[in-house]
>>> print(open('final26.pdb').read())   # PDB, C-alpha atoms
ATOM      1  CA  MET H   1      -1.279   9.563  -0.598
ATOM      2  CA  ALA H   2       0.347   8.527   2.636
ATOM      3  CA  ASP H   3       3.704   6.937   1.982
ATOM      4  CA  ALA H   4       4.827   5.551   5.323
ATOM      5  CA  LYS H   5       7.947   3.437   5.787
ATOM      6  CA  LEU H   6       8.171   0.831   8.527
ATOM      7  CA  LYS H   7      11.296  -1.121   9.368
ATOM      8  CA  LEU H   8      10.994  -4.858   8.768
ATOM      9  CA  VAL H   9      12.933  -6.981  11.239
ATOM     10  CA  LYS H  10      14.594 -10.094   9.831
ATOM     11  CA  SER H  11      13.764 -13.542  11.159
ATOM     12  CA  VAL H  12      16.046 -14.608  13.975
ATOM     13  CA  ALA H  13      17.805 -17.926  14.205
ATOM     14  CA  ASP H  14      15.440 -19.433  16.780
ATOM     15  CA  GLY H  15      12.300 -18.662  14.776
ATOM     16  CA  VAL H  16      10.275 -15.920  13.121
ATOM     17  CA  LYS H  17       9.831 -12.818  15.244
ATOM     18  CA  ASP H  18       6.348 -11.446  15.861
ATOM     19  CA  GLY H  19       5.298  -7.992  14.761
ATOM     20  CA  LYS H  20       2.073  -6.002  14.517
ATOM     21  CA  TYR H  21      -0.167  -6.784  11.557
ATOM     22  CA  ILE H  22      -2.023  -3.633  10.431
ATOM     23  CA  TYR H  23      -5.635  -3.725   9.238
ATOM     24  CA  GLY H  24      -6.490  -0.040   9.058
ATOM     25  CA  ILE H  25      -6.312   3.453  10.524
ATOM     26  CA  ILE H  26      -9.196   4.962  12.545
ATOM     27  CA  GLU H  27     -10.141   8.030  14.570
ATOM     28  CA  SER H  28     -10.428   7.818  18.338
ATOM     29  CA  TRP H  29     -13.745   8.349  20.074
ATOM     30  CA  ASN H  30     -14.650  12.000  20.343
ATOM     31  CA  GLU H  31     -16.341  12.710  23.667
ATOM     32  CA  GLN H  32     -17.544  16.085  22.362
ATOM     33  CA  ALA H  33     -19.637  14.340  19.700
ATOM     34  CA  GLY H  34     -21.954  12.956  22.382
ATOM     35  CA  LEU H  35     -21.792   9.437  20.974
ATOM     36  CA  PRO H  36     -21.524   6.215  23.008
ATOM     37  CA  GLU H  37     -17.949   5.158  23.586
ATOM     38  CA  ARG H  38     -16.826   2.769  20.904
ATOM     39  CA  PRO H  39     -14.767  -0.416  21.307
ATOM     40  CA  LYS H  40     -10.993  -0.368  21.254
ATOM     41  CA  SER H  41     -10.643  -4.090  20.497
ATOM     42  CA  PHE H  42     -12.383  -6.267  17.923
ATOM     43  CA  GLY H  43     -12.292  -9.902  19.002
ATOM     44  CA  SER H  44      -9.736 -12.616  18.440
ATOM     45  CA  GLN H  45     -10.252 -13.522  14.790
ATOM     46  CA  SER H  46      -6.889 -12.385  13.465
ATOM     47  CA  VAL H  47      -4.922 -12.998  10.276
ATOM     48  CA  SER H  48      -2.326 -15.138  12.046
ATOM     49  CA  GLY H  49      -5.001 -17.693  12.939
ATOM     50  CA  ARG H  50      -3.569 -18.014  16.441
ATOM     51  CA  GLY H  51      -6.401 -16.220  18.203
ATOM     52  CA  GLU H  52      -4.613 -12.973  19.034
ATOM     53  CA  GLU H  53      -6.909 -10.110  19.981
ATOM     54  CA  VAL H  54      -7.371  -7.385  17.411
ATOM     55  CA  GLN H  55      -6.594  -4.144  19.253
ATOM     56  CA  THR H  56      -5.939  -0.460  18.622
ATOM     57  CA  ILE H  57      -2.703   1.453  19.117
ATOM     58  CA  TRP H  58      -3.581   5.125  19.668
ATOM     59  CA  PHE H  59      -1.684   8.313  18.998
ATOM     60  CA  ASP H  60      -3.110  11.837  19.258
ATOM     61  CA  GLY H  61      -6.662  11.134  18.137
ATOM     62  CA  ILE H  62      -5.971   8.408  15.595
ATOM     63  CA  GLY H  63      -5.177   4.741  15.900
ATOM     64  CA  ALA H  64      -3.946   1.681  14.031
ATOM     65  CA  VAL H  65      -6.035  -1.495  14.272
ATOM     66  CA  VAL H  66      -3.545  -4.335  14.714
ATOM     67  CA  SER H  67      -2.954  -7.856  15.962
ATOM     68  CA  THR H  68       0.234  -9.705  16.865
ATOM     69  CA  SER H  69       1.391 -11.718  13.885
ATOM     70  CA  PRO H  70       4.618 -13.213  12.491
ATOM     71  CA  LEU H  71       6.860 -10.894  10.493
ATOM     72  CA  GLY H  72       7.629 -11.713   6.893
ATOM     73  CA  THR H  73       6.019 -11.669   3.472
ATOM     74  CA  TYR H  74       2.341 -12.607   3.425
ATOM     75  CA  LYS H  75       1.500 -14.506   0.262
ATOM     76  CA  PHE H  76      -2.056 -14.486  -1.026
ATOM     77  CA  ASP H  77      -4.171 -16.823   1.074
ATOM     78  CA  LYS H  78      -7.934 -16.787   0.560
ATOM     79  CA  GLU H  79      -8.713 -17.494   4.220
ATOM     80  CA  LYS H  80      -6.306 -14.839   5.520
ATOM     81  CA  VAL H  81      -7.530 -12.246   3.022
ATOM     82  CA  ARG H  82     -11.100 -12.982   4.081
ATOM     83  CA  THR H  83     -10.135 -12.605   7.751
ATOM     84  CA  HIS H  84      -8.513  -9.248   6.940
ATOM     85  CA  ALA H  85     -11.803  -8.136   5.341
ATOM     86  CA  ILE H  86     -13.917  -9.447   8.246
ATOM     87  CA  VAL H  87     -11.866  -7.451  10.741
ATOM     88  CA  LEU H  88     -12.280  -4.286   8.676
ATOM     89  CA  GLU H  89     -16.027  -4.863   8.383
ATOM     90  CA  SER H  90     -16.232  -5.193  12.162
ATOM     91  CA  VAL H  91     -14.237  -1.997  12.659
ATOM     92  CA  MET H  92     -16.444  -0.145  10.173
ATOM     93  CA  THR H  93     -19.562  -0.686  12.282
ATOM     94  CA  HIS H  94     -18.054   1.725  14.821
ATOM     95  CA  TYR H  95     -15.429   3.862  13.072
ATOM     96  CA  THR H  96     -14.482   5.620   9.897
ATOM     97  CA  VAL H  97     -11.576   3.538   8.608
ATOM     98  CA  LEU H  98      -8.691   3.884   6.178
ATOM     99  CA  PRO H  99      -8.157   0.287   5.025
ATOM    100  CA  VAL H 100      -4.578  -0.935   4.732
ATOM    101  CA  ARG H 101      -3.798  -3.478   2.025
ATOM    102  CA  TYR H 102      -3.444  -7.137   3.016
ATOM    103  CA  GLY H 103      -0.077  -8.300   4.335
ATOM    104  CA  VAL H 104       1.424  -5.216   6.033
ATOM    105  CA  VAL H 105       3.272  -5.974   9.288
ATOM    106  CA  ALA H 106       5.270  -3.515  11.418
ATOM    107  CA  ASP H 107       8.149  -4.763  13.538
ATOM    108  CA  SER H 108       6.840  -3.265  16.790
ATOM    109  CA  GLU H 109       4.333  -0.983  18.486
ATOM    110  CA  ALA H 110       7.005   1.718  18.503
ATOM    111  CA  SER H 111       7.185   1.588  14.698
ATOM    112  CA  ILE H 112       3.433   2.050  14.461
ATOM    113  CA  LEU H 113       3.541   5.029  16.815
ATOM    114  CA  LYS H 114       6.212   6.599  14.600
ATOM    115  CA  LEU H 115       3.996   5.959  11.574
ATOM    116  CA  LEU H 116       0.977   7.582  13.216
ATOM    117  CA  GLU H 117       3.066  10.576  14.251
ATOM    118  CA  LYS H 118       4.708  11.015  10.844
ATOM    119  CA  GLU H 119       1.510  10.693   8.823
ATOM    120  CA  HIS H 120      -0.822  12.228  11.410
ATOM    121  CA  GLU H 121      -1.960  15.206   9.351
ATOM    122  CA  GLN H 122      -2.416  13.114   6.214
ATOM    123  CA  PHE H 123      -4.401  10.437   8.027
ATOM    124  CA  ILE H 124      -6.643  13.035   9.702
ATOM    125  CA  THR H 125      -7.379  14.669   6.339
ATOM    126  CA  MET H 126      -8.222  11.348   4.745
ATOM    127  CA  LEU H 127     -10.428  10.269   7.643
ATOM    128  CA  GLU H 128     -12.314  13.559   7.526
ATOM    129  CA  SER H 129     -12.967  13.050   3.804
ATOM    130  CA  LEU H 130     -14.624   9.692   4.552
ATOM    131  CA  ARG H 131     -16.479  10.560   7.750
ATOM    132  CA  GLY H 132     -20.170   9.688   7.542
ATOM    133  CA  LYS H 133     -19.711   7.892   4.229
ATOM    134  CA  LYS H 134     -19.500   4.320   3.019
ATOM    135  CA  GLU H 135     -18.578   2.400  -0.107
ATOM    136  CA  LEU H 136     -21.171   0.326  -1.945
ATOM    137  CA  GLY H 137     -20.359  -1.980  -4.845
ATOM    138  CA  LEU H 138     -22.500  -2.849  -7.842
ATOM    139  CA  LYS H 139     -21.917  -5.320 -10.662
ATOM    140  CA  ALA H 140     -24.419  -5.682 -13.494
ATOM    141  CA  ILE H 141     -24.108  -8.441 -16.071
ATOM    142  CA  PHE H 142     -26.346  -9.517 -18.915
ATOM    143  CA  ASN H 143     -28.037 -12.910 -18.565
ATOM    144  CA  GLU H 144     -26.224 -14.831 -21.310
ATOM    145  CA  ALA H 145     -29.186 -16.708 -22.779
ATOM    146  CA  GLU H 146     -31.604 -13.800 -22.576
ATOM    147  CA  ILE H 147     -29.414 -11.059 -24.017
ATOM    148  CA  TYR H 148     -28.456 -13.023 -27.119
ATOM    149  CA  LYS H 149     -32.059 -14.093 -27.661
ATOM    150  CA  ASN H 150     -33.103 -10.454 -27.240
ATOM    151  CA  ILE H 151     -30.566  -9.266 -29.810
ATOM    152  CA  LEU H 152     -31.486 -11.920 -32.368
ATOM    153  CA  THR H 153     -35.196 -11.144 -32.080
ATOM    154  CA  THR H 154     -35.180  -7.354 -31.765
ATOM    155  CA  ASP H 155     -32.304  -6.215 -33.988
ATOM    156  CA  LEU H 156     -33.904  -5.994 -37.445
ATOM    157  CA  ASN H 157     -30.621  -5.946 -39.375
ATOM    158  CA  ILE H 158     -29.395  -9.121 -37.704
ATOM    159  CA  ARG H 159     -32.768 -10.846 -37.907
ATOM    160  CA  ASN H 160     -33.238 -10.042 -41.593
ATOM    161  CA  TYR H 161     -29.703 -11.102 -42.504
ATOM    162  CA  LYS H 162     -30.063 -14.331 -40.532
ATOM    163  CA  GLU H 163     -33.405 -15.128 -42.197
ATOM    164  CA  LYS H 164     -31.896 -14.410 -45.617
ATOM    165  CA  LEU H 165     -29.082 -16.892 -45.012
ATOM    166  CA  GLU H 166     -31.478 -19.503 -43.682
ATOM    167  CA  LYS H 167     -33.739 -19.180 -46.754
ATOM    168  CA  SER H 168     -30.786 -19.447 -49.126
ATOM    169  CA  GLY H 169     -29.373 -22.397 -47.252
ATOM    170  CA  SER H 170     -25.986 -20.715 -47.219
ATOM    171  CA  LYS H 171     -23.335 -22.203 -44.954
ATOM    172  CA  ASN H 172     -20.636 -19.776 -45.999
ATOM    173  CA  PRO H 173     -18.386 -19.482 -42.926
ATOM    174  CA  ASN H 174     -17.657 -15.831 -43.641
ATOM    175  CA  GLN H 175     -21.362 -14.997 -43.661
ATOM    176  CA  LEU H 176     -21.955 -16.968 -40.456
ATOM    177  CA  MET H 177     -18.996 -15.178 -38.891
ATOM    178  CA  GLN H 178     -20.506 -11.876 -39.933
ATOM    179  CA  ILE H 179     -23.656 -12.684 -37.962
ATOM    180  CA  GLY H 180     -21.508 -13.303 -34.911
ATOM    181  CA  GLN H 181     -19.737  -9.990 -35.400
ATOM    182  CA  MET H 182     -23.070  -8.185 -35.785
ATOM    183  CA  VAL H 183     -24.321  -9.756 -32.553
ATOM    184  CA  GLU H 184     -21.178  -8.713 -30.668
ATOM    185  CA  ALA H 185     -21.478  -5.165 -31.986
ATOM    186  CA  ALA H 186     -25.114  -5.049 -30.919
ATOM    187  CA  LEU H 187     -24.118  -6.339 -27.482
ATOM    188  CA  GLU H 188     -21.638  -3.477 -27.079
ATOM    189  CA  VAL H 189     -24.340  -0.953 -27.938
ATOM    190  CA  ARG H 190     -26.718  -2.471 -25.387
ATOM    191  CA  LYS H 191     -23.979  -2.486 -22.762
ATOM    192  CA  ALA H 192     -23.242   1.190 -23.346
ATOM    193  CA  ASP H 193     -26.941   2.093 -23.186
ATOM    194  CA  ALA H 194     -27.519   0.071 -20.007
ATOM    195  CA  GLU H 195     -24.389   1.493 -18.336
ATOM    196  CA  ALA H 196     -25.501   5.040 -19.105
ATOM    197  CA  ASP H 197     -28.958   4.272 -17.706
ATOM    198  CA  ILE H 198     -27.561   2.748 -14.497
ATOM    199  CA  LEU H 199     -25.139   5.610 -13.914
ATOM    200  CA  ALA H 200     -27.864   8.198 -14.575
ATOM    201  CA  ALA H 201     -29.901   6.627 -11.777
ATOM    202  CA  LEU H 202     -27.102   6.110  -9.228
ATOM    203  CA  LYS H 203     -24.327   8.632  -9.819
ATOM    204  CA  PRO H 204     -26.353  11.672  -8.632
ATOM    205  CA  LEU H 205     -26.811   9.927  -5.260
ATOM    206  CA  ALA H 206     -23.077   9.344  -4.759
ATOM    207  CA  GLU H 207     -20.286  11.591  -3.550
ATOM    208  CA  ASP H 208     -17.884   9.798  -5.862
ATOM    209  CA  THR H 209     -17.985   6.930  -8.352
ATOM    210  CA  LYS H 210     -15.235   4.552  -9.471
ATOM    211  CA  LEU H 211     -15.656   2.421 -12.592
ATOM    212  CA  ASN H 212     -13.547  -0.740 -12.600
ATOM    213  CA  ALA H 213     -12.740  -3.097 -15.446
ATOM    214  CA  GLY H 214     -15.404  -5.590 -16.466
ATOM    215  CA  LEU H 215     -14.828  -9.291 -15.849
ATOM    216  CA  ASN H 216     -16.197 -10.526 -19.187
ATOM    217  CA  GLU H 217     -17.873  -9.313 -22.362
ATOM    218  CA  ARG H 218     -21.371  -9.459 -20.839
ATOM    219  CA  MET H 219     -20.566  -7.293 -17.821
ATOM    220  CA  ILE H 220     -22.264  -3.926 -18.116
ATOM    221  CA  ILE H 221     -20.757  -2.222 -15.110
ATOM    222  CA  ASN H 222     -18.387  -2.973 -12.231
ATOM    223  CA  ALA H 223     -18.597   0.105 -10.068
ATOM    224  CA  ALA H 224     -18.016   1.401  -6.568
ATOM    225  CA  PHE H 225     -20.004   4.294  -5.132
ATOM    226  CA  LEU H 226     -19.041   6.452  -2.163
ATOM    227  CA  ILE H 227     -22.246   7.647  -0.526
ATOM    228  CA  ARG H 228     -23.297   9.458   2.623
ATOM    229  CA  ASN H 229     -24.844   7.163   5.217
ATOM    230  CA  GLU H 230     -28.169   8.990   5.143
ATOM    231  CA  VAL H 231     -28.462   8.440   1.370
ATOM    232  CA  GLU H 232     -28.239   4.639   1.595
ATOM    233  CA  PRO H 233     -32.042   4.013   1.700
ATOM    234  CA  ALA H 234     -32.539   6.092  -1.454
ATOM    235  CA  PHE H 235     -29.604   4.318  -3.113
ATOM    236  CA  ASP H 236     -31.082   0.910  -2.187
ATOM    237  CA  THR H 237     -34.397   1.953  -3.726
ATOM    238  CA  ALA H 238     -32.684   3.099  -6.927
ATOM    239  CA  VAL H 239     -30.836  -0.220  -7.268
ATOM    240  CA  ASN H 240     -34.048  -2.178  -6.676
ATOM    241  CA  THR H 241     -35.834  -0.085  -9.295
ATOM    242  CA  LEU H 242     -33.106  -0.893 -11.820
ATOM    243  CA  ALA H 243     -33.281  -4.591 -10.940
ATOM    244  CA  ASP H 244     -37.028  -4.550 -11.601
ATOM    245  CA  LYS H 245     -36.581  -2.630 -14.845
ATOM    246  CA  TYR H 246     -34.068  -5.130 -16.213
ATOM    247  CA  ALA H 247     -35.569  -8.257 -14.591
ATOM    248  CA  GLY H 248     -34.601 -11.402 -16.469
ATOM    249  CA  LEU H 249     -32.200  -9.572 -18.770
ATOM    250  CA  VAL H 250     -29.604  -8.296 -16.273
ATOM    251  CA  ASN H 251     -28.283  -9.841 -13.070
ATOM    252  CA  PHE H 252     -27.293  -7.347 -10.380
ATOM    253  CA  LYS H 253     -24.838  -8.031  -7.564
ATOM    254  CA  TYR H 254     -25.113  -5.308  -4.933
ATOM    255  CA  VAL H 255     -22.632  -5.278  -2.046
ATOM    256  CA  GLY H 256     -23.103  -2.915   0.884
ATOM    257  CA  THR H 257     -20.735  -1.331   3.377
ATOM    258  CA  ILE H 258     -17.324  -2.494   2.261
ATOM    259  CA  PRO H 259     -13.925  -0.947   3.105
ATOM    260  CA  PRO H 260     -13.433   2.124   0.881
ATOM    261  CA  TYR H 261     -10.467   0.710  -1.064
ATOM    262  CA  ASN H 262     -11.684   2.382  -4.248
ATOM    263  CA  PHE H 263     -11.575   5.840  -2.679
ATOM    264  CA  VAL H 264      -8.531   5.695  -0.410
ATOM    265  CA  THR H 265      -4.921   5.525  -1.523
ATOM    266  CA  LEU H 266      -3.074   4.394   1.593
ATOM    267  CA  ASN H 267       0.352   3.040   0.755
ATOM    268  CA  ILE H 268       2.325   1.755   3.734
ATOM    269  CA  LYS H 269       5.705   0.513   2.569
ATOM    270  CA  LEU H 270       8.041  -1.822   4.422
ATOM    271  CA  GLU H 271      11.783  -1.522   4.073
ATOM    272  CA  ALA H 272      14.334  -4.161   4.927
TER
END
>>> encode(input="final26.pdb", output="structure tokens")
Amino acid sequence: MADAKLKLVKSVADGVKDGKYIYGIIESWNEQAGLPERPKSFGSQSVSGRGEEVQTIWFDGIGAVVSTSPLGTYKFDKEKVRTHAIVLESVMTHYTVLPVRYGVVADSEASILKLLEKEHEQFITMLESLRGKKELGLKAIFNEAEIYKNILTTDLNIRNYKEKLEKSGSKNPNQLMQIGQMVEAALEVRKADAEADILAALKPLAEDTKLNAGLNERMIINAAFLIRNEVEPAFDTAVNTLADKYAGLVNFKYVGTIPPYNFVTLNIKLEA
């Protein structure tokens, strides 16, 4: 983990001073690789919203992607966070990138150069570990209506108990609650089975896998996969095969080529 400290300059009396907003860390173009030269700037859609150009500050083979932006604390703002992500996505089409969390601003270009010098070896190691790879995200969630209908019709214990209560005309709240508990238990079993099936199909194709917390009780999996670029077609095929297999029962949300936040721990701290 890179733990870099940048000095934060206080606002001055006549207004807030500008600094350098940091999006990520990249490698410079390697002429020996025989690849076309890649861009050193990435347009003028910046977090500040003032149209500053997103540029790169280089030091000894690595660089920080930055734009001029006011110093201070950046509160969560959906539009600014989205702009941060858009810039990183643009950078990723040309470079391996270590994404920096939203809201990090250095006081000057000199501070960034000191950061790149201090953490040079660490950044190089981390970039090498990600070279030629990308993060893909997958969420799988049961279709609410279909999964409960499936459980009630295919689980014999639940179906028989439900039919028994219906025939007896019982409206005992404890018995009705028990049906609900049986359904929830059956849902957990189906989730575990489906998760194991999904991971068995996708995990062998990935260099690394990160399982994140589910968003609700019907979510089967919320995962990130780090894969080699050349494996992406096979990974796409595997996801499509799973979507066909669980058609109607499970909804898949598949997100491609996103900043590798799940596989990079890059902690740039600011100190007053």
>>> resolve_selection(input="final26.pdb", expression="the PyMOL selection byres ((chain H and resi 139) around 9)", output="list in words")
Gly137, Leu138, Ala140, Ile141, Gly214, Met219, Ile220, Ile221, Asn222, Ala223, Ala224, Asn251, Phe252, Lys253, Tyr254 and Val255 of chain H
>>> resolve_selection(input="final26.pdb", expression="the PyMOL selection byres ((chain H and resi 124) around 12)", output="list in words")
Ala2, Ile25, Ile26, Glu27, Ser28, Phe59, Asp60, Gly61, Ile62, Gly63, Thr96, Val97, Leu98, Leu116, Glu117, Lys118, Glu119, His120, Glu121, Gln122, Phe123, Thr125, Met126, Leu127, Glu128, Ser129, Leu130 and Arg131 of chain H
>>> atom_distance(input="final26.pdb", atom1="atom CA of Lys191 of chain H", atom2="atom CA of Phe225 of chain H")
19.3 Å
>>> atom_distance(input="final26.pdb", atom1="atom CA of Lys17 of chain H", atom2="atom CA of Glu79 of chain H")
22.1 Å
>>> resolve_selection(input="final26.pdb", expression="the PyMOL selection byres ((chain H and resi 159) around 12)", output="number ranges by chain")
H: 148-158, 160-166, 179-180, 182-183, 186
>>> atom_distance(input="final26.pdb", atom1="atom CA of Lys40 of chain H", atom2="atom CA of Val54 of chain H")
8.8 Å
>>> residues_around(input="final26.pdb", residues="Ala200 of chain H", least_positions_apart="4", cutoff="12 Å", atoms="all atoms listed in the file", output="PyMOL selection string")
chain H and resi 193-196+204-206+209+238-239+242
>>> residues_around(input="final26.pdb", residues="Val47 of chain H", least_positions_apart="2", cutoff="8 Å", atoms="only C-alpha atoms", output="PyMOL selection string")
chain H and resi 21+45+49+67+69+80-81+83-84
>>> residues_around(input="final26.pdb", residues="segment 90-93 of chain H", least_positions_apart="6", cutoff="9 Å", atoms="all atoms listed in the file", output="MDAnalysis selection string")
chainID H and resid 24 26 39 41:42 65 134 257:259
>>> residues_near_point(input="final26.pdb", point="(-13.7, 0.5, -6.3)", cutoff="7 Å", atoms="all atoms listed in the file", output="count of residues only")
8
>>> closest_residue(input="final26.pdb", among="H:Glu217, H:Glu146, H:Glu135, H:Asp197", to="Val231 of chain H", atoms="all atoms listed in the file")
H:Glu135
>>> closest_residue(input="final26.pdb", among="H:Lys20, H:Arg190, H:Lys245, H:Lys167", to="Val66 of chain H", atoms="only C-alpha atoms")
H:Lys20
>>> residues_around(input="final26.pdb", residues="Glu52 of chain H", least_positions_apart="4", cutoff="7 Å", atoms="all atoms listed in the file", output="list in words")
Ser44, Ser46, Ser67 and Thr68 of chain H
>>> closest_residue(input="final26.pdb", among="H:Pro99, H:Ile112, H:Ser48, H:Lys133", to="Asp77 of chain H", atoms="all atoms listed in the file")
H:Ser48
>>> closest_residue(input="final26.pdb", among="H:Leu249, H:Leu115, H:Val16, H:Val264", to="Asn143 of chain H", atoms="only C-alpha atoms")
H:Leu249
>>> closest_residue(input="final26.pdb", among="H:Tyr95, H:Ala85, H:Lys75, H:Val105", to="Gly19 of chain H", atoms="all atoms listed in the file")
H:Val105
